[in-house]
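S.K.: Below are the structure tokens for one structure; questions will follow.
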Amino acid sequence: MKCRICGKKPIIYMPQHRLALCREDFISWFERYTERTIKDFRMFTNEDRVLVTVSGGKDSLALWHVLRKLGYNADGFYLHLGIGEYSERSRRKVEEFAERLGAKVIVVDLMEELAGIPELKKATSREACSVCGLVKRYNFNRVAKEYGYNVVATGHNLDDEASSLLANVINWNVKYLGRKYPVLEEEEGFVRKVKPFCKFTEKETALYALLNGIEFVEEECPYSEDASSIFYKETLNRIEEKFPGTKLRFYLEYLRKVYPRFREVEERELQRCKVCGEPSPSEVCPVCRLKERVAERKA
Ligand SMILES: [Zn+2]
Ligand SMILES: [Zn+2]
């Protein structure tokens with residue numbers, strides 16, 4: 001096999017694109033493809049202020065790296081989740097990387113704002129990942145508005161998107177089907193949310209991070225071990241092995257054929273939380289209710 005551009009020995013073969021590329025050509029392909037995804041989905045332009053939510057993992061740091069390289073106005077946001085050493089190590093990686101990029105990073109400590117994930121998990125019957133997702137979404141949106149960013153970008157890759165789609169299809173979670181899209185437009189109280197890496201596999205983002213010497217936290221969050229999402233990712237990888245190209249097609253065909261049908265059904269009725277003023281499905285938002293519970297437990 002040869003690199004399609006220069007004929008040298010390839011470093012990767014991507015069956016879904018029928019494309020083999022060498023080191024240099026993979027790097028430039030990866031960056032051009034990111035740019036194209038941003039443009040195709042009209043995610044943002046040079047005029048926008050983008051806040052990249054970075055966890056210290058490969059995807060989000062690689063995303064931040066590419067966006068800066070492409071000349072976008074992109075700063076970082078790190079939410080310290082209070083998960084012991086794991087969170088500390090992640091914070092250090094993020095701050096070191098911000099220095100390397102010469103970019104600004106905003107750090108918010110969840111333990112000061114509310115409570116760490118371990119404590120929040122005890123205060124509710126929800127799973128750690130579900131509580132974590134809730135406080136992340138809330139804080140990404142709140143902090144972006146507070147600091148004047150109009151777009152929040154996350155490092156979700158194809159494996160993330162396709163596996164969560166699979167899990168929701170298997171459970172016929174119809175509500176989900178009208179909601180998952182790589183761009184969620186701004187609406188009352190919400191900034192725009194985008195996922196520029198949604199068409200890259202985890203393998204591709206990892207390779208890009210490695211080739212660029214990006215130092216990321218390799219360990220998974222200690223709470224993710226028994227998460228069902230890992231099982232769905234493995235299942236999808238087994239299907240992909242047998243039928244190469246399925247993963248990307250599954251996701252793209254959803255965007256093209258399924259999302260538009262379910263989108264119309266969706267209607268959201270949001271009011272403002274009477275405690276914090278953020279958009280909320282109920283009088284008091286779920287995060288403020290969590291706060292109340294933590295306070296009750298302490299009392
Ligand atoms: Zn080449
Ligand atoms: Zn609230």
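Here's how to read the names in the structure tokens: chain A, B, ... by the order shown, residue numbers from 1 in each chain, ligand numbers from 1 in the order shown.
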Taking the DSSP assignment computed from this structure's backbone, write out as a list of chain:residue names all residues of segment 103-284 of chain A that belong to strand (DSSP E).

M.R.: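 Matching residues, listed in order: A:Val105, A:Ile106, A:Val107, A:Val108, A:Asp109, A:Val151, A:Val152, A:Ala153, A:Val183, A:Leu184, A:Arg192, A:Lys193, A:Val194, A:Gln271, A:Arg272, A:Pro279, A:Ser280.
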
S.K.: Selection from above, N, CA and C atoms, as a JSON list (two decimals), in the first residue's frame, can you write it?

M.R.:
[["chain", "number", "residue", "atom", "x", "y", "z"],
["A", 105, "VAL", "N", -6.75, 29.83, 28.88],
["A", 105, "VAL", "CA", -7.64, 28.76, 29.35],
["A", 105, "VAL", "C", -8.36, 29.23, 30.61],
["A", 106, "ILE", "N", -9.65, 29.01, 30.64],
["A", 106, "ILE", "CA", -10.45, 29.35, 31.82],
["A", 106, "ILE", "C", -10.61, 28.08, 32.63],
["A", 107, "VAL", "N", -10.31, 28.14, 33.93],
["A", 107, "VAL", "CA", -10.46, 26.96, 34.77],
["A", 107, "VAL", "C", -11.54, 27.22, 35.82],
["A", 108, "VAL", "N", -12.50, 26.34, 35.90],
["A", 108, "VAL", "CA", -13.54, 26.46, 36.93],
["A", 108, "VAL", "C", -13.51, 25.20, 37.78],
["A", 109, "ASP", "N", -13.52, 25.41, 39.09],
["A", 109, "ASP", "CA", -13.46, 24.27, 40.01],
["A", 109, "ASP", "C", -14.87, 23.91, 40.49],
["A", 151, "VAL", "N", -19.78, 30.43, 20.86],
["A", 151, "VAL", "CA", -19.79, 29.03, 20.41],
["A", 151, "VAL", "C", -19.03, 28.17, 21.41],
["A", 152, "VAL", "N", -19.58, 27.01, 21.74],
["A", 152, "VAL", "CA", -18.86, 26.02, 22.57],
["A", 152, "VAL", "C", -18.53, 24.84, 21.67],
["A", 153, "ALA", "N", -17.24, 24.47, 21.61],
["A", 153, "ALA", "CA", -16.82, 23.33, 20.78],
["A", 153, "ALA", "C", -16.33, 22.21, 21.68],
["A", 183, "VAL", "N", -24.21, 20.45, 15.06],
["A", 183, "VAL", "CA", -24.39, 21.86, 15.40],
["A", 183, "VAL", "C", -25.73, 22.02, 16.07],
["A", 184, "LEU", "N", -25.74, 22.60, 17.25],
["A", 184, "LEU", "CA", -27.01, 22.97, 17.86],
["A", 184, "LEU", "C", -27.01, 24.49, 17.93],
["A", 192, "ARG", "N", -24.33, 28.48, 20.83],
["A", 192, "ARG", "CA", -24.26, 27.42, 19.83],
["A", 192, "ARG", "C", -23.26, 26.35, 20.28],
["A", 193, "LYS", "N", -23.60, 25.09, 19.99],
["A", 193, "LYS", "CA", -22.69, 24.00, 20.37],
["A", 193, "LYS", "C", -22.29, 23.22, 19.13],
["A", 194, "VAL", "N", -21.00, 22.95, 18.99],
["A", 194, "VAL", "CA", -20.51, 22.29, 17.78],
["A", 194, "VAL", "C", -19.53, 21.15, 18.10],
["A", 271, "GLN", "N", -38.22, 27.38, 30.69],
["A", 271, "GLN", "CA", -38.40, 28.60, 31.45],
["A", 271, "GLN", "C", -37.06, 28.93, 32.09],
["A", 272, "ARG", "N", -37.03, 29.97, 32.89],
["A", 272, "ARG", "CA", -35.78, 30.31, 33.57],
["A", 272, "ARG", "C", -35.81, 29.76, 34.99],
["A", 279, "PRO", "N", -31.62, 28.64, 31.59],
["A", 279, "PRO", "CA", -32.78, 27.95, 31.03],
["A", 279, "PRO", "C", -33.03, 26.63, 31.75],
["A", 280, "SER", "N", -34.30, 26.30, 31.97],
["A", 280, "SER", "CA", -34.60, 25.12, 32.77],
["A", 280, "SER", "C", -35.94, 24.51, 32.38]]

S.K.: Set the cut-off to 10 Å, count only C-alpha atoms and all ligand atoms, and list whatever residues fall near ligand 2 as a PDB file with C-alpha atoms, in the first residue's frame.

M.R.:
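Output file selection.pdb is given in full below:
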ATOM      1  CA  TYR A 138     -24.678  23.533  32.422  1.00  0.00           C
ATOM      2  CA  ARG A 272     -35.781  30.306  33.572  1.00  0.00           C
ATOM      3  CA  CYS A 273     -34.559  28.686  36.781  1.00  0.00           C
ATOM      4  CA  LYS A 274     -35.771  30.870  39.645  1.00  0.00           C
ATOM      5  CA  VAL A 275     -32.504  30.318  41.522  1.00  0.00           C
ATOM      6  CA  CYS A 276     -29.744  30.781  38.922  1.00  0.00           C
ATOM      7  CA  GLY A 277     -31.619  32.241  35.943  1.00  0.00           C
ATOM      8  CA  GLU A 278     -30.364  29.627  33.460  1.00  0.00           C
ATOM      9  CA  PRO A 279     -32.785  27.953  31.027  1.00  0.00           C
ATOM     10  CA  SER A 280     -34.598  25.120  32.771  1.00  0.00           C
ATOM     11  CA  SER A 282     -38.695  23.108  35.613  1.00  0.00           C
ATOM     12  CA  GLU A 283     -39.060  25.972  38.084  1.00  0.00           C
ATOM     13  CA  VAL A 284     -35.717  25.092  39.682  1.00  0.00           C
ATOM     14  CA  CYS A 285     -33.086  23.699  37.277  1.00  0.00           C
ATOM     15  CA  PRO A 286     -31.572  20.225  37.818  1.00  0.00           C
ATOM     16  CA  VAL A 287     -28.198  21.679  38.811  1.00  0.00           C
ATOM     17  CA  CYS A 288     -29.704  23.956  41.454  1.00  0.00           C
ATOM     18  CA  ARG A 289     -31.697  20.986  42.739  1.00  0.00           C
ATOM     19  CA  LEU A 290     -28.439  19.055  43.020  1.00  0.00           C
ATOM     20  CA  LYS A 291     -27.001  21.958  44.979  1.00  0.00           C
TER      21      LYS A 291
END

S.K.: Identify all residues of segment 114-226 of chain A in alpha helix (DSSP H) (DSSP on the backbone) and supply them as an NGL selection string.

M.R.: :A and (117-123 or 128-146 or 158-170 or 174-177 or 202-211)

S.K.: With distances taken over only C-alpha atoms, which residue among A:Pro182, A:Lys203, A:Ala209, A:Thr235 lies nearest Phe41 of chain A?

M.R.: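 So, comparing all the options, the nearest one is A:Pro182.
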
S.K.: Taking only C-alpha atoms and all ligand atoms into account, report as a ChimeraX atom specification which residues have an atom no farther than 7 Å from an atom of ligand 1.

M.R.: /A:3-8,10,21-25

S.K.: Grab the residues selected above and save them as an mmCIF file, in the first residue's frame with N, CA and C atoms.

M.R.:
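Writing done, so here's again.cif:
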data_model
loop_
_atom_site.group_PDB
_atom_site.id
_atom_site.type_symbol
_atom_site.label_atom_id
_atom_site.label_comp_id
_atom_site.auth_asym_id
_atom_site.auth_seq_id
_atom_site.Cartn_x
_atom_site.Cartn_y
_atom_site.Cartn_z
ATOM 1 N N CYS A 3 1.007 5.792 0.039
ATOM 2 C CA CYS A 3 0.297 7.048 0.308
ATOM 3 C C CYS A 3 -0.313 7.542 -1.003
ATOM 4 N N ARG A 4 -1.590 7.905 -0.953
ATOM 5 C CA ARG A 4 -2.269 8.291 -2.195
ATOM 6 C C ARG A 4 -1.718 9.595 -2.771
ATOM 7 N N ILE A 5 -1.172 10.450 -1.900
ATOM 8 C CA ILE A 5 -0.679 11.746 -2.366
ATOM 9 C C ILE A 5 0.750 11.649 -2.919
ATOM 10 N N CYS A 6 1.651 11.037 -2.131
ATOM 11 C CA CYS A 6 3.064 11.107 -2.520
ATOM 12 C C CYS A 6 3.686 9.753 -2.844
ATOM 13 N N GLY A 7 2.962 8.659 -2.557
ATOM 14 C CA GLY A 7 3.500 7.343 -2.890
ATOM 15 C C GLY A 7 4.427 6.737 -1.847
ATOM 16 N N LYS A 8 4.690 7.500 -0.774
ATOM 17 C CA LYS A 8 5.551 6.961 0.288
ATOM 18 C C LYS A 8 4.802 5.908 1.111
ATOM 19 N N PRO A 10 2.633 4.437 3.804
ATOM 20 C CA PRO A 10 1.567 5.082 4.597
ATOM 21 C C PRO A 10 1.679 4.760 6.085
ATOM 22 N N LEU A 21 -2.484 7.181 3.831
ATOM 23 C CA LEU A 21 -1.690 8.411 3.840
ATOM 24 C C LEU A 21 -0.422 8.265 4.673
ATOM 25 N N CYS A 22 0.619 8.970 4.261
ATOM 26 C CA CYS A 22 1.857 9.009 5.038
ATOM 27 C C CYS A 22 1.677 10.029 6.159
ATOM 28 N N ARG A 23 2.693 10.134 6.991
ATOM 29 C CA ARG A 23 2.653 11.028 8.145
ATOM 30 C C ARG A 23 2.268 12.474 7.777
ATOM 31 N N GLU A 24 3.046 13.075 6.884
ATOM 32 C CA GLU A 24 2.815 14.491 6.532
ATOM 33 C C GLU A 24 1.443 14.684 5.882
ATOM 34 N N ASP A 25 1.120 13.782 4.975
ATOM 35 C CA ASP A 25 -0.143 13.949 4.259
ATOM 36 C C ASP A 25 -1.353 13.658 5.147
#

S.K.: Which distance in Å separates atom CA of Ser163 of chain A and atom CA of Gly245 of chain A, to one decimal?

M.R.: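 For atom CA of Ser163 of chain A relative to atom CA of Gly245 of chain A, the distance reads 14.3 Å.
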
S.K.: Between atom CA of Ala74 of chain A and atom CA of Glu35 of chain A, measure the distance and give it in Å to one decimal.

M.R.: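 Between atom CA of Ala74 of chain A and atom CA of Glu35 of chain A the gap works out to 13.9 Å.
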
S.K.: Choose the residue, out of A:Phe197, A:Phe243, A:Phe97, A:Tyr33, that has the smallest atom-to-atom separation from His65 of chain A; count only C-alpha atoms.

M.R.: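 Residue with the minimum atom-to-atom distance to His65 of chain A: A:Phe97.
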
S.K.: Restricting the calculation to only C-alpha atoms: of A:Arg297, A:Gly155, A:Val191, A:Cys129, which residue gets closest to Ser228 of chain A?

M.R.: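 Of all the options, A:Cys129 lies closest to Ser228 of chain A.
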
S.K.: Quick one: everything within 12 Å of Phe250 of chain A, counting only C-alpha atoms, minus sequence neighbours fewer than 3 positions away in the same chain. Send it as an NGL selection string.

M.R.: :A and (16 or 158-159 or 161-166 or 169 or 199 or 236 or 239-240 or 243-247 or 253-258)
